file run-v7.csv (CSV, C-alpha atoms and all ligand atoms)
chain,number,residue,atom,x,y,z
A,13,MET,CA,0.0,0.0,0.0
A,14,SER,CA,1.4,3.4,-0.9
A,15,ILE,CA,1.6,6.4,1.4
A,16,ASN,CA,-1.1,8.1,-0.7
A,17,SER,CA,-3.7,5.5,0.0
A,18,MET,CA,-3.1,5.6,3.8
A,19,PRO,CA,-6.0,7.1,5.8
A,20,ARG,CA,-5.3,10.8,6.6
A,21,ARG,CA,-6.8,10.6,10.1
A,22,GLY,CA,-4.2,10.4,12.8
A,23,ALA,CA,-4.4,8.2,15.8
A,24,SER,CA,-5.2,11.2,17.9
A,25,HIS,CA,-8.7,11.3,16.5
A,26,LEU,CA,-9.5,7.9,17.9
A,27,PRO,CA,-10.9,7.2,21.3
A,28,ILE,CA,-8.0,6.6,23.7
A,29,ALA,CA,-9.2,3.2,24.8
A,30,SER,CA,-9.1,1.8,21.4
A,31,THR,CA,-5.7,3.1,20.1
A,32,LYS,CA,-3.9,-0.1,20.9
A,33,ASP,CA,-6.4,-2.1,18.8
A,34,VAL,CA,-5.5,-0.2,15.7
A,35,THR,CA,-3.7,-2.4,13.3
A,36,PRO,CA,-0.9,-0.7,11.3
A,37,VAL,CA,-2.1,0.3,7.8
A,38,THR,CA,1.1,-0.6,6.1
A,39,LYS,CA,2.4,-4.1,6.9
A,40,LYS,CA,6.1,-3.6,7.3
A,41,LEU,CA,8.5,-6.4,7.7
A,42,ARG,CA,10.9,-5.7,10.6
A,43,PHE,CA,14.5,-5.9,9.5
A,44,ILE,CA,15.5,-7.8,12.6
A,45,LYS,CA,13.6,-10.0,15.0
A,46,PRO,CA,15.7,-11.6,17.7
A,47,THR,CA,14.7,-15.1,18.8
A,48,LEU,CA,15.2,-15.4,22.6
A,49,PRO,CA,15.4,-18.7,24.6
A,50,PRO,CA,12.2,-19.8,26.3
A,51,TRP,CA,11.5,-17.8,29.4
A,52,THR,CA,11.3,-21.0,31.5
A,53,SER,CA,14.9,-21.8,30.8
A,54,VAL,CA,16.1,-18.3,31.8
A,55,ASP,CA,13.8,-18.4,34.9
A,56,LEU,CA,15.3,-21.7,36.0
A,57,LEU,CA,18.8,-20.3,35.8
A,58,TYR,CA,18.1,-16.9,37.2
A,59,ARG,CA,15.8,-17.9,40.1
A,60,ASN,CA,18.6,-18.8,42.5
A,61,ALA,CA,20.6,-15.7,41.8
A,62,TYR,CA,17.5,-13.6,42.4
A,63,ARG,CA,16.5,-15.4,45.6
A,64,SER,CA,19.9,-15.1,47.1
A,65,ALA,CA,20.1,-11.5,45.9
A,66,LEU,CA,23.4,-12.2,44.1
A,67,ILE,CA,22.6,-10.5,40.9
A,68,THR,CA,26.1,-9.4,40.0
A,69,ASN,CA,29.5,-11.0,40.5
A,70,GLY,CA,27.8,-14.3,41.0
A,71,GLU,CA,27.9,-17.9,39.7
A,72,LEU,CA,26.1,-17.4,36.4
A,73,VAL,CA,28.7,-15.2,34.8
A,74,ALA,CA,31.5,-17.6,35.8
A,75,ARG,CA,29.5,-20.5,34.4
A,76,PHE,CA,28.8,-18.7,31.1
A,77,GLU,CA,32.5,-17.9,30.8
A,78,ALA,CA,33.4,-21.5,31.3
A,79,GLU,CA,30.9,-22.8,28.8
A,80,VAL,CA,32.0,-20.3,26.1
A,81,ALA,CA,35.7,-21.0,26.7
A,82,GLU,CA,35.1,-24.7,26.2
A,83,ARG,CA,33.0,-24.2,23.2
A,84,VAL,CA,35.5,-21.9,21.5
A,85,GLY,CA,38.4,-24.0,22.6
A,86,VAL,CA,40.4,-21.2,24.4
A,87,LYS,CA,41.9,-21.0,27.9
A,88,HIS,CA,40.0,-17.9,29.0
A,89,CYS,CA,36.8,-16.1,28.5
A,90,VAL,CA,36.0,-12.8,30.3
A,91,ALA,CA,32.4,-11.6,30.2
A,92,VAL,CA,32.0,-7.8,30.0
A,93,SER,CA,29.2,-5.3,29.5
A,94,SER,CA,29.5,-5.0,25.7
A,95,CYS,CA,31.8,-5.7,22.8
A,96,THR,CA,32.8,-2.0,22.7
A,97,SER,CA,33.9,-2.0,26.3
A,98,GLY,CA,35.6,-5.4,25.8
A,99,LEU,CA,37.7,-3.9,22.9
A,100,MET,CA,38.5,-0.8,24.9
A,101,LEU,CA,39.6,-2.8,28.0
A,102,GLY,CA,41.6,-5.3,25.9
A,103,MET,CA,43.6,-2.5,24.3
A,104,LYS,CA,44.0,-0.8,27.7
A,105,ALA,CA,45.1,-4.0,29.4
A,106,MET,CA,47.8,-4.5,26.8
A,107,ASP,CA,48.9,-0.9,27.4
A,108,LEU,CA,48.8,-0.1,23.6
A,109,LYS,CA,50.0,3.3,22.5
A,110,GLY,CA,50.2,4.9,19.0
A,111,GLU,CA,48.3,3.7,16.0
A,112,VAL,CA,45.9,0.9,15.3
A,113,ILE,CA,45.1,-0.3,11.8
A,114,LEU,CA,41.5,-1.3,11.3
A,115,PRO,CA,39.0,-1.6,8.4
A,116,SER,CA,37.0,1.5,7.4
A,117,PHE,CA,34.2,-0.9,6.3
A,118,THR,CA,32.9,-1.9,9.7
A,119,PHE,CA,30.5,-0.7,12.4
A,120,PHE,CA,31.7,2.5,14.0
A,121,ALA,CA,32.0,0.9,17.4
A,122,THR,CA,35.3,-0.7,16.2
A,123,GLY,CA,36.8,2.8,15.6
A,124,LEU,CA,35.2,4.2,18.8
A,125,ALA,CA,36.9,1.6,20.9
A,126,ALA,CA,40.3,2.7,19.4
A,127,LEU,CA,39.6,6.3,20.2
A,128,TRP,CA,38.5,5.5,23.8
A,129,SER,CA,41.8,3.6,24.2
A,130,GLY,CA,43.7,6.7,23.1
A,131,LEU,CA,44.9,5.1,19.9
A,132,LYS,CA,45.0,6.8,16.5
A,133,PRO,CA,42.8,4.9,14.0
A,134,VAL,CA,44.5,4.1,10.6
A,135,PHE,CA,42.0,2.9,8.1
A,136,ALA,CA,42.9,0.1,5.7
A,137,ASP,CA,41.0,-1.2,2.7
A,138,CYS,CA,39.0,-4.4,2.4
A,139,LEU,CA,39.2,-7.3,-0.1
A,140,PRO,CA,36.9,-7.3,-3.1
A,141,ASP,CA,35.7,-10.9,-2.5
A,142,THR,CA,35.3,-11.4,1.3
A,143,TRP,CA,34.9,-7.7,2.1
A,144,ASN,CA,37.3,-8.3,5.1
A,145,LEU,CA,40.5,-6.4,6.0
A,146,ASP,CA,43.1,-6.7,3.1
A,147,PRO,CA,46.4,-8.0,4.7
A,148,ALA,CA,48.5,-6.5,1.8
A,149,ASP,CA,46.9,-3.1,2.3
A,150,VAL,CA,47.4,-3.4,6.1
A,151,ARG,CA,51.1,-4.1,5.4
A,152,ARG,CA,51.4,-0.9,3.4
A,153,ARG,CA,50.0,1.2,6.3
A,154,VAL,CA,52.3,-0.2,9.0
A,155,THR,CA,54.6,2.4,10.6
A,156,SER,CA,56.9,2.4,13.6
A,157,LYS,CA,53.9,3.6,15.6
A,158,THR,CA,51.6,0.7,14.8
A,159,ALA,CA,50.6,-0.9,18.1
A,160,ALA,CA,47.9,-3.3,16.8
A,161,ILE,CA,45.8,-4.5,13.9
A,162,ILE,CA,42.1,-5.1,14.4
A,163,GLY,CA,40.4,-7.5,12.0
A,164,VAL,CA,36.6,-7.6,11.8
A,165,HIS,CA,34.9,-10.9,10.7
A,166,LEU,CA,32.4,-9.0,8.7
A,167,TYR,CA,28.8,-10.4,9.0
A,168,GLY,CA,30.5,-13.5,10.5
A,169,ASN,CA,32.7,-14.2,7.6
A,170,PRO,CA,36.1,-15.2,9.0
A,171,CYS,CA,39.1,-12.9,8.2
A,172,ASP,CA,42.2,-14.0,6.5
A,173,VAL,CA,43.6,-14.9,9.9
A,174,GLU,CA,47.0,-16.4,8.8
A,175,ARG,CA,48.0,-13.5,6.5
A,176,LEU,CA,46.9,-10.9,9.1
A,177,ALA,CA,49.0,-12.8,11.7
A,178,SER,CA,52.0,-12.8,9.5
A,179,VAL,CA,51.7,-9.0,9.0
A,180,ALA,CA,51.4,-8.6,12.7
A,181,VAL,CA,54.5,-10.7,13.4
A,182,SER,CA,56.6,-8.7,11.0
A,183,ALA,CA,55.2,-5.4,12.3
A,184,ARG,CA,55.8,-6.6,15.9
A,185,CYS,CA,52.3,-5.5,16.8
A,186,LYS,CA,49.3,-7.1,18.4
A,187,LEU,CA,46.5,-8.7,16.5
A,188,ILE,CA,42.9,-8.2,17.7
A,189,PHE,CA,39.6,-9.3,16.3
A,190,ASP,CA,36.4,-7.5,16.6
A,191,SER,CA,34.2,-10.7,16.4
A,192,ALA,CA,30.9,-8.9,17.2
A,193,HIS,CA,29.2,-10.8,14.3
A,194,ALA,CA,31.0,-14.1,14.6
A,195,PHE,CA,30.0,-16.1,17.6
A,196,GLY,CA,29.6,-19.5,16.0
A,197,SER,CA,31.8,-18.9,12.9
A,198,ALA,CA,34.8,-21.1,12.1
A,199,HIS,CA,37.9,-20.7,10.1
A,200,ARG,CA,39.6,-23.9,8.7
A,201,GLY,CA,38.0,-26.0,11.4
A,202,ALA,CA,38.9,-23.8,14.3
A,203,ALA,CA,36.2,-21.7,16.1
A,204,VAL,CA,36.4,-17.9,15.7
A,205,GLY,CA,37.4,-16.6,19.1
A,206,SER,CA,40.6,-18.6,19.2
A,207,PHE,CA,42.7,-16.3,17.0
A,208,GLY,CA,45.0,-13.3,17.6
A,209,ASP,CA,45.9,-12.0,21.0
A,210,PHE,CA,42.3,-11.7,21.9
A,211,GLU,CA,38.8,-11.6,20.2
A,212,VAL,CA,35.7,-9.9,21.4
A,213,PHE,CA,32.1,-11.1,20.7
A,214,SER,CA,28.9,-9.0,21.1
A,215,LEU,CA,25.7,-10.2,22.7
A,216,SER,CA,23.5,-7.3,21.8
A,217,PRO,CA,20.1,-7.9,20.2
A,218,THR,CA,21.1,-7.8,16.5
A,219,LYS,CA,23.6,-10.6,16.9
A,220,LEU,CA,23.0,-14.4,16.9
A,221,LEU,CA,23.7,-15.0,20.6
A,222,VAL,CA,21.7,-12.5,22.5
A,223,ALA,CA,22.1,-11.6,26.2
A,224,GLY,CA,20.3,-8.3,26.1
A,225,GLU,CA,23.7,-6.5,26.3
A,226,GLY,CA,27.1,-8.0,26.8
A,227,GLY,CA,30.5,-8.9,25.4
A,228,LEU,CA,32.8,-11.9,25.6
A,229,ILE,CA,36.6,-11.6,25.4
A,230,THR,CA,38.4,-14.8,24.5
A,231,THR,CA,42.1,-15.3,24.8
A,232,ASN,CA,44.8,-17.9,25.5
A,233,ASP,CA,47.0,-15.3,27.3
A,234,SER,CA,46.8,-15.9,31.0
A,235,THR,CA,48.4,-12.6,31.9
A,236,LEU,CA,45.9,-10.7,29.7
A,237,ASP,CA,43.0,-12.7,31.3
A,238,ARG,CA,44.0,-11.5,34.8
A,239,ARG,CA,44.5,-7.9,33.6
A,240,LEU,CA,41.0,-8.0,32.0
A,241,ARG,CA,39.4,-9.2,35.1
A,242,ALA,CA,40.9,-6.2,36.9
A,243,ALA,CA,40.0,-3.9,34.0
A,244,ARG,CA,36.3,-4.7,34.0
A,245,ASN,CA,36.2,-4.1,37.8
A,246,TYR,CA,37.4,-0.5,37.9
A,247,GLY,CA,41.0,-1.7,37.3
A,248,ALA,CA,41.1,-3.3,40.8
A,249,LEU,CA,41.1,-7.0,41.4
A,250,VAL,CA,42.6,-7.6,44.9
A,251,HIS,CA,43.7,-4.4,46.4
A,252,TYR,CA,41.7,-1.3,47.1
A,253,ASP,CA,44.1,0.5,44.8
A,254,PRO,CA,43.4,0.2,41.0
A,255,GLU,CA,46.4,-1.2,39.1
A,256,MET,CA,45.1,0.4,35.9
A,257,GLN,CA,42.5,2.8,34.5
A,258,GLY,CA,39.6,0.4,34.4
A,259,LEU,CA,35.9,0.7,34.1
A,260,ASN,CA,32.8,-0.9,35.6
A,261,ALA,CA,32.2,-3.1,32.6
A,262,ARG,CA,30.9,-6.2,34.4
A,263,MET,CA,28.2,-8.4,33.1
A,264,SER,CA,25.2,-8.9,35.3
A,265,GLU,CA,23.9,-12.3,36.3
A,266,PHE,CA,20.7,-11.8,34.4
A,267,ASN,CA,22.6,-11.2,31.1
A,268,ALA,CA,24.6,-14.3,31.8
A,269,ALA,CA,21.4,-16.3,32.4
A,270,LEU,CA,20.1,-15.2,29.0
A,271,GLY,CA,23.5,-16.0,27.4
A,272,ILE,CA,23.7,-19.5,28.9
A,273,ALA,CA,20.1,-20.3,27.8
A,274,GLY,CA,20.9,-18.8,24.4
A,275,LEU,CA,23.9,-21.0,23.8
A,276,LYS,CA,21.5,-23.9,23.4
A,277,LEU,CA,19.9,-22.2,20.4
A,278,MET,CA,23.2,-21.5,18.6
A,279,GLU,CA,23.3,-24.7,16.4
A,280,SER,CA,19.8,-24.2,15.0
A,281,LYS,CA,20.3,-20.4,14.5
A,282,LEU,CA,23.6,-21.1,12.6
A,283,GLU,CA,21.9,-23.7,10.5
A,284,ARG,CA,18.9,-21.4,9.8
A,285,HIS,CA,21.0,-18.3,8.9
A,286,ASN,CA,23.1,-20.4,6.5
A,287,LEU,CA,20.0,-21.9,4.9
A,288,ILE,CA,18.4,-18.5,4.4
A,289,ALA,CA,21.7,-17.2,2.9
A,290,ALA,CA,21.8,-20.1,0.5
A,291,ARG,CA,18.2,-19.3,-0.5
A,292,TYR,CA,19.0,-15.7,-1.2
A,293,ASP,CA,22.1,-16.8,-3.1
A,294,GLY,CA,20.1,-19.2,-5.2
A,295,LEU,CA,17.3,-16.8,-6.0
A,296,LEU,CA,19.5,-13.7,-6.7
A,297,ARG,CA,22.7,-15.3,-8.2
A,298,GLU,CA,21.7,-14.6,-11.8
A,299,GLU,CA,20.6,-11.0,-11.4
A,300,ARG,CA,22.7,-8.6,-13.4
A,301,GLY,CA,24.5,-6.0,-11.3
A,302,LEU,CA,24.5,-7.8,-7.9
A,303,GLN,CA,27.6,-8.9,-6.2
A,304,PHE,CA,27.9,-11.3,-3.3
A,305,GLN,CA,30.2,-11.8,-0.3
A,306,VAL,CA,32.5,-14.8,-0.8
A,307,ILE,CA,32.9,-17.2,2.1
A,308,ARG,CA,36.2,-19.0,1.5
A,309,GLU,CA,36.4,-22.7,1.2
A,310,GLY,CA,36.6,-24.4,4.6
A,311,ASP,CA,35.1,-21.4,6.5
A,312,LEU,CA,31.8,-21.1,8.2
A,313,SER,CA,29.9,-17.8,8.6
A,314,THR,CA,27.2,-17.0,11.0
A,315,TYR,CA,25.6,-14.8,8.4
A,316,LYS,CA,24.6,-12.3,11.1
A,317,ASP,CA,23.8,-10.2,8.0
A,318,TYR,CA,23.2,-11.1,4.4
A,319,SER,CA,24.2,-8.3,2.1
A,320,VAL,CA,24.4,-7.7,-1.6
A,321,VAL,CA,26.4,-5.0,-3.4
A,322,VAL,CA,24.6,-3.2,-6.2
A,323,ASP,CA,27.0,-2.4,-8.9
A,324,PRO,CA,25.9,1.0,-10.4
A,325,LEU,CA,27.7,0.3,-13.7
A,326,LYS,CA,25.8,-3.0,-14.3
A,327,ALA,CA,22.5,-2.7,-12.5
A,328,SER,CA,19.9,-0.4,-13.9
A,329,LEU,CA,18.9,0.7,-10.4
A,330,ASP,CA,21.2,2.1,-7.7
A,331,ARG,CA,21.4,0.8,-4.2
A,332,ASP,CA,19.2,3.6,-2.7
A,333,ALA,CA,16.5,3.1,-5.4
A,334,LEU,CA,16.5,-0.6,-4.8
A,335,ALA,CA,16.1,0.0,-1.1
A,336,ALA,CA,13.2,2.4,-1.7
A,337,HIS,CA,11.6,-0.1,-4.1
A,338,LEU,CA,11.8,-2.8,-1.4
A,339,LEU,CA,10.4,-0.4,1.3
A,340,GLN,CA,7.4,0.3,-0.9
A,341,ASP,CA,6.5,-3.3,-0.7
A,342,GLY,CA,7.1,-3.2,3.1
A,343,TYR,CA,10.6,-4.7,3.2
A,344,GLU,CA,13.0,-2.8,5.5
A,345,THR,CA,16.7,-3.1,4.6
A,346,LYS,CA,19.9,-1.5,6.1
A,347,LYS,CA,23.1,-0.2,4.6
A,348,TYR,CA,25.6,-2.2,6.7
A,349,PHE,CA,28.0,-0.3,6.6
A,350,TYR,CA,27.5,3.0,4.9
A,351,PRO,CA,29.1,5.5,5.1
A,352,PRO,CA,32.5,3.9,5.8
A,353,LEU,CA,34.3,5.1,8.9
A,354,HIS,CA,36.8,7.4,7.1
A,355,GLN,CA,33.8,9.4,5.8
A,356,GLN,CA,32.1,9.8,9.2
A,357,GLN,CA,32.4,13.1,11.1
A,358,ILE,CA,34.5,11.9,14.1
A,359,PHE,CA,36.8,9.7,12.0
A,360,LYS,CA,37.3,12.0,9.0
A,361,GLU,CA,40.3,13.8,10.5
A,362,PHE,CA,42.2,10.5,10.6
A,363,HIS,CA,42.1,9.9,6.9
A,364,SER,CA,43.3,12.7,4.7
A,365,GLY,CA,44.0,13.0,1.0
A,366,ARG,CA,47.7,12.3,1.8
A,367,ASP,CA,46.8,8.8,3.0
A,368,LEU,CA,46.6,5.9,0.6
A,369,PRO,CA,43.0,5.8,-0.8
A,370,LEU,CA,40.4,3.2,0.1
A,371,PRO,CA,38.8,2.3,-3.3
A,372,VAL,CA,37.4,-1.1,-2.5
A,373,THR,CA,35.8,0.1,0.7
A,374,GLU,CA,34.2,3.1,-1.1
A,375,ARG,CA,32.9,1.0,-3.9
A,376,ILE,CA,31.4,-1.8,-1.7
A,377,SER,CA,30.1,0.6,1.0
A,378,SER,CA,28.3,2.8,-1.5
A,379,GLY,CA,26.5,-0.3,-3.1
A,380,VAL,CA,25.9,-2.4,0.0
A,381,LEU,CA,22.3,-3.4,0.9
A,382,SER,CA,21.6,-5.7,3.8
A,383,LEU,CA,18.5,-7.9,3.5
A,384,PRO,CA,16.4,-9.3,6.4
A,385,ILE,CA,17.8,-12.5,7.9
A,386,TYR,CA,16.8,-14.0,11.2
A,387,TYR,CA,15.8,-17.3,12.7
A,388,SER,CA,12.0,-17.0,12.2
A,389,LEU,CA,12.2,-15.6,8.6
A,390,SER,CA,10.1,-17.8,6.4
A,391,ARG,CA,11.0,-19.3,3.1
A,392,THR,CA,8.0,-17.5,1.6
A,393,ILE,CA,9.1,-14.1,2.7
A,394,VAL,CA,12.7,-14.7,1.4
A,395,ARG,CA,11.1,-15.7,-1.9
A,396,ASP,CA,8.9,-12.5,-1.9
A,397,ILE,CA,11.8,-10.3,-1.1
A,398,CYS,CA,13.8,-11.8,-4.0
A,399,GLN,CA,10.9,-11.4,-6.4
A,400,CYS,CA,10.6,-7.8,-5.3
A,401,ILE,CA,14.3,-7.2,-6.0
A,402,ARG,CA,14.1,-8.9,-9.4
A,403,ARG,CA,11.0,-6.8,-10.3
A,404,GLY,CA,12.8,-3.7,-9.3
A,405,LEU,CA,15.9,-4.5,-11.4
A,406,ARG,CA,13.9,-5.7,-14.4
A,407,THR,CA,11.4,-2.8,-14.5
A,408,ALA,CA,14.3,-0.4,-14.5
A,409,ASP,CA,15.9,-2.4,-17.3
A,410,ARG,CA,12.9,-2.0,-19.5
A,411,LYS,CA,12.7,1.7,-18.8
A,412,GLU,CA,16.4,2.0,-19.8
A,413,ILE,CA,15.8,0.2,-23.0
A,414,SER,CA,12.7,2.2,-24.0
A,415,GLN,CA,14.5,5.5,-23.4
A,501,LIG,C1,27.6,-4.6,17.2
A,501,LIG,C2,29.0,-4.3,16.9
A,501,LIG,C3,29.9,-3.8,17.9
A,501,LIG,C4,29.4,-3.3,19.2
A,501,LIG,O1,28.9,-4.3,20.0
A,501,LIG,P1,28.2,-3.9,21.4
A,501,LIG,O2,28.1,-5.2,22.2
A,501,LIG,O3,26.9,-3.3,21.1
A,501,LIG,O4,29.2,-2.9,22.1
A,501,LIG,C5,31.2,-3.7,17.6
A,501,LIG,N1,31.7,-4.0,16.4
A,501,LIG,C6,30.9,-4.5,15.4
A,501,LIG,C7,31.5,-4.8,14.1
A,501,LIG,C8,29.5,-4.6,15.6
A,501,LIG,O5,28.7,-4.9,14.6
call {"tool": "encode", "arguments": {"input": "run-v7.csv", "output": "structure tokens", "more": "lines below"}}
Ligand SMILES: *Cc1c(COP(=O)(O)O)cnc(C)c1O
result
Amino acid sequence: MSINSMPRRGASHLPIASTKDVTPVTKKLRFIKPTLPPWTSVDLLYRNAYRSALITNGELVARFEAEVAERVGVKHCVAVSSCTSGLMLGMKAMDLKGEVILPSFTFFATGLAALWSGLKPVFADCLPDTWNLDPADVRRRVTSKTAAIIGVHLYGNPCDVERLASVAVSARCKLIFDSAHAFGSAHRGAAVGSFGDFEVFSLSPTKLLVAGEGGLITTNDSTLDRRLRAARNYGALVHYDPEMQGLNARMSEFNAALGIAGLKLMESKLERHNLIAARYDGLLREERGLQFQVIREGDLSTYKDYSVVVDPLKASLDRDALAAHLLQDGYETKKYFYPPLHQQQIFKEFHSGRDLPLPVTERISSGVLSLPIYYSLSRTIVRDICQCIRRGLRTADRKEISQ
């Protein structure tokens, strides 16, 4: 239904008692709809914590950490209040100073964490196939000030871990992964979370494993683990005298209960996201002007997001026109991630005309369109979305021809 055919009368004209009965005129498909664990499973876990009034610093966070460490196959997991705070504390705990190289094609929290840690962000380009950080471009941007490289497993697609590690070794810097999208991903048979000096997952509602809010830092470094436990607790672990500039970035017991219960849904969510991605692939593969993210042989993505890149030279419709066309039919989309960081107001100053350009990032970011993907998304809706995309592209084709 178009905007023009919507009733003009606003809700304010309706009797107050009935406003909540009004069904929306336009049926809009939500972009994201988290699937939470059954309340009974959360209740069962949280009940004791609540009864004993131990709702922070209790057993559930410790249990959640142990279950995650085991699942990922690492020595340590430190639960924190968010992925952003986890990245900040990790960099602080390693006492990093100077520059950090990170992709420009990511969510801005990656760059914000660097700024909060007092590091200068240096943006590197991404690869044209996986859309992840390009190791060769990272190497070109290494200086004597480089303290760390942050890779982002974009939408859950594992980074080129080995090549990034070899750049980090020759640059003698740390290697960190912002794994916000990638809880459940695997690279060459090893779980994401086991790479670099540390990795950080996010548990906020747009990700697969949801704990309301929260982050998980995974590492095999026992010294870092101890520092992180101090860092999330104001910087003080034993003495009433902080050893470092920490934060209160603890996870509450309730968030841990949600996380533990949510772990049980991971296998079916992963399977479902991969199935939906395969359906999109199958239905859109042949469309002229669309490009797809490559998941390399032997890797497993969570497909936290499923995105296509609209190539303005080959498609008859640009990304924004396609998004508008989908919205007309009630399908909400997102531009993950546009604009890229180096074009955002607080990061602009860190990328000047003197720096090496970021052509792949700019091309992908200006054409990227993320389509709905979540556990309860039906096969019919995926088909309808693809039909709508094809209609959009083909109608525009005809117009072009008749001009
Ligand atoms: C969501 C996200 C974050 C932030 O995670 P929070 O837990 O909300 O702090 C960081 N990086 C990327 C790439 C993200 O998508």
call {"tool": "atom_distance", "arguments": {"input": "run-v7.csv", "atom1": "CA of Tyr343 in chain A", "atom2": "CA of Tyr315 in chain A"}}
result
18.8 Å
call {"tool": "closest_residue", "arguments": {"input": "run-v7.csv", "among": "A:Gly205, A:Gly271, A:Glu344, A:Ala290", "to": "Arg391 in chain A", "atoms": "only C-alpha atoms"}}
result
A:Ala290
call {"tool": "residues_near_ligand", "arguments": {"input": "run-v7.csv", "ligand": "ligand LIG 501 (chain A)", "cutoff": "10 Å", "atoms": "only C-alpha atoms and all ligand atoms", "output": "NGL selection string"}}
result
:A and (92-100 or 115 or 117-125 or 163-168 or 189-194 or 212-219 or 222-228 or 316-317 or 348-349)
call {"tool": "closest_residue", "arguments": {"input": "run-v7.csv", "among": "A:Gly301, A:Pro170, A:Gly365, A:Gly102", "to": "Gln257 in chain A", "atoms": "only C-alpha atoms"}}
result
A:Gly102
call {"tool": "atom_distance", "arguments": {"input": "run-v7.csv", "atom1": "CA of Asp330 in chain A", "atom2": "CA of Leu381 in chain A"}}
result
10.3 Å
call {"tool": "closest_residue", "arguments": {"input": "run-v7.csv", "among": "A:Arg402, A:Leu270, A:Asp233, A:Ser197", "to": "Glu283 in chain A", "atoms": "all atoms listed in the file"}}
result
A:Ser197
call {"tool": "atom_distance", "arguments": {"input": "run-v7.csv", "atom1": "CA of Phe359 in chain A", "atom2": "CA of Ser156 in chain A"}}
result
21.4 Å
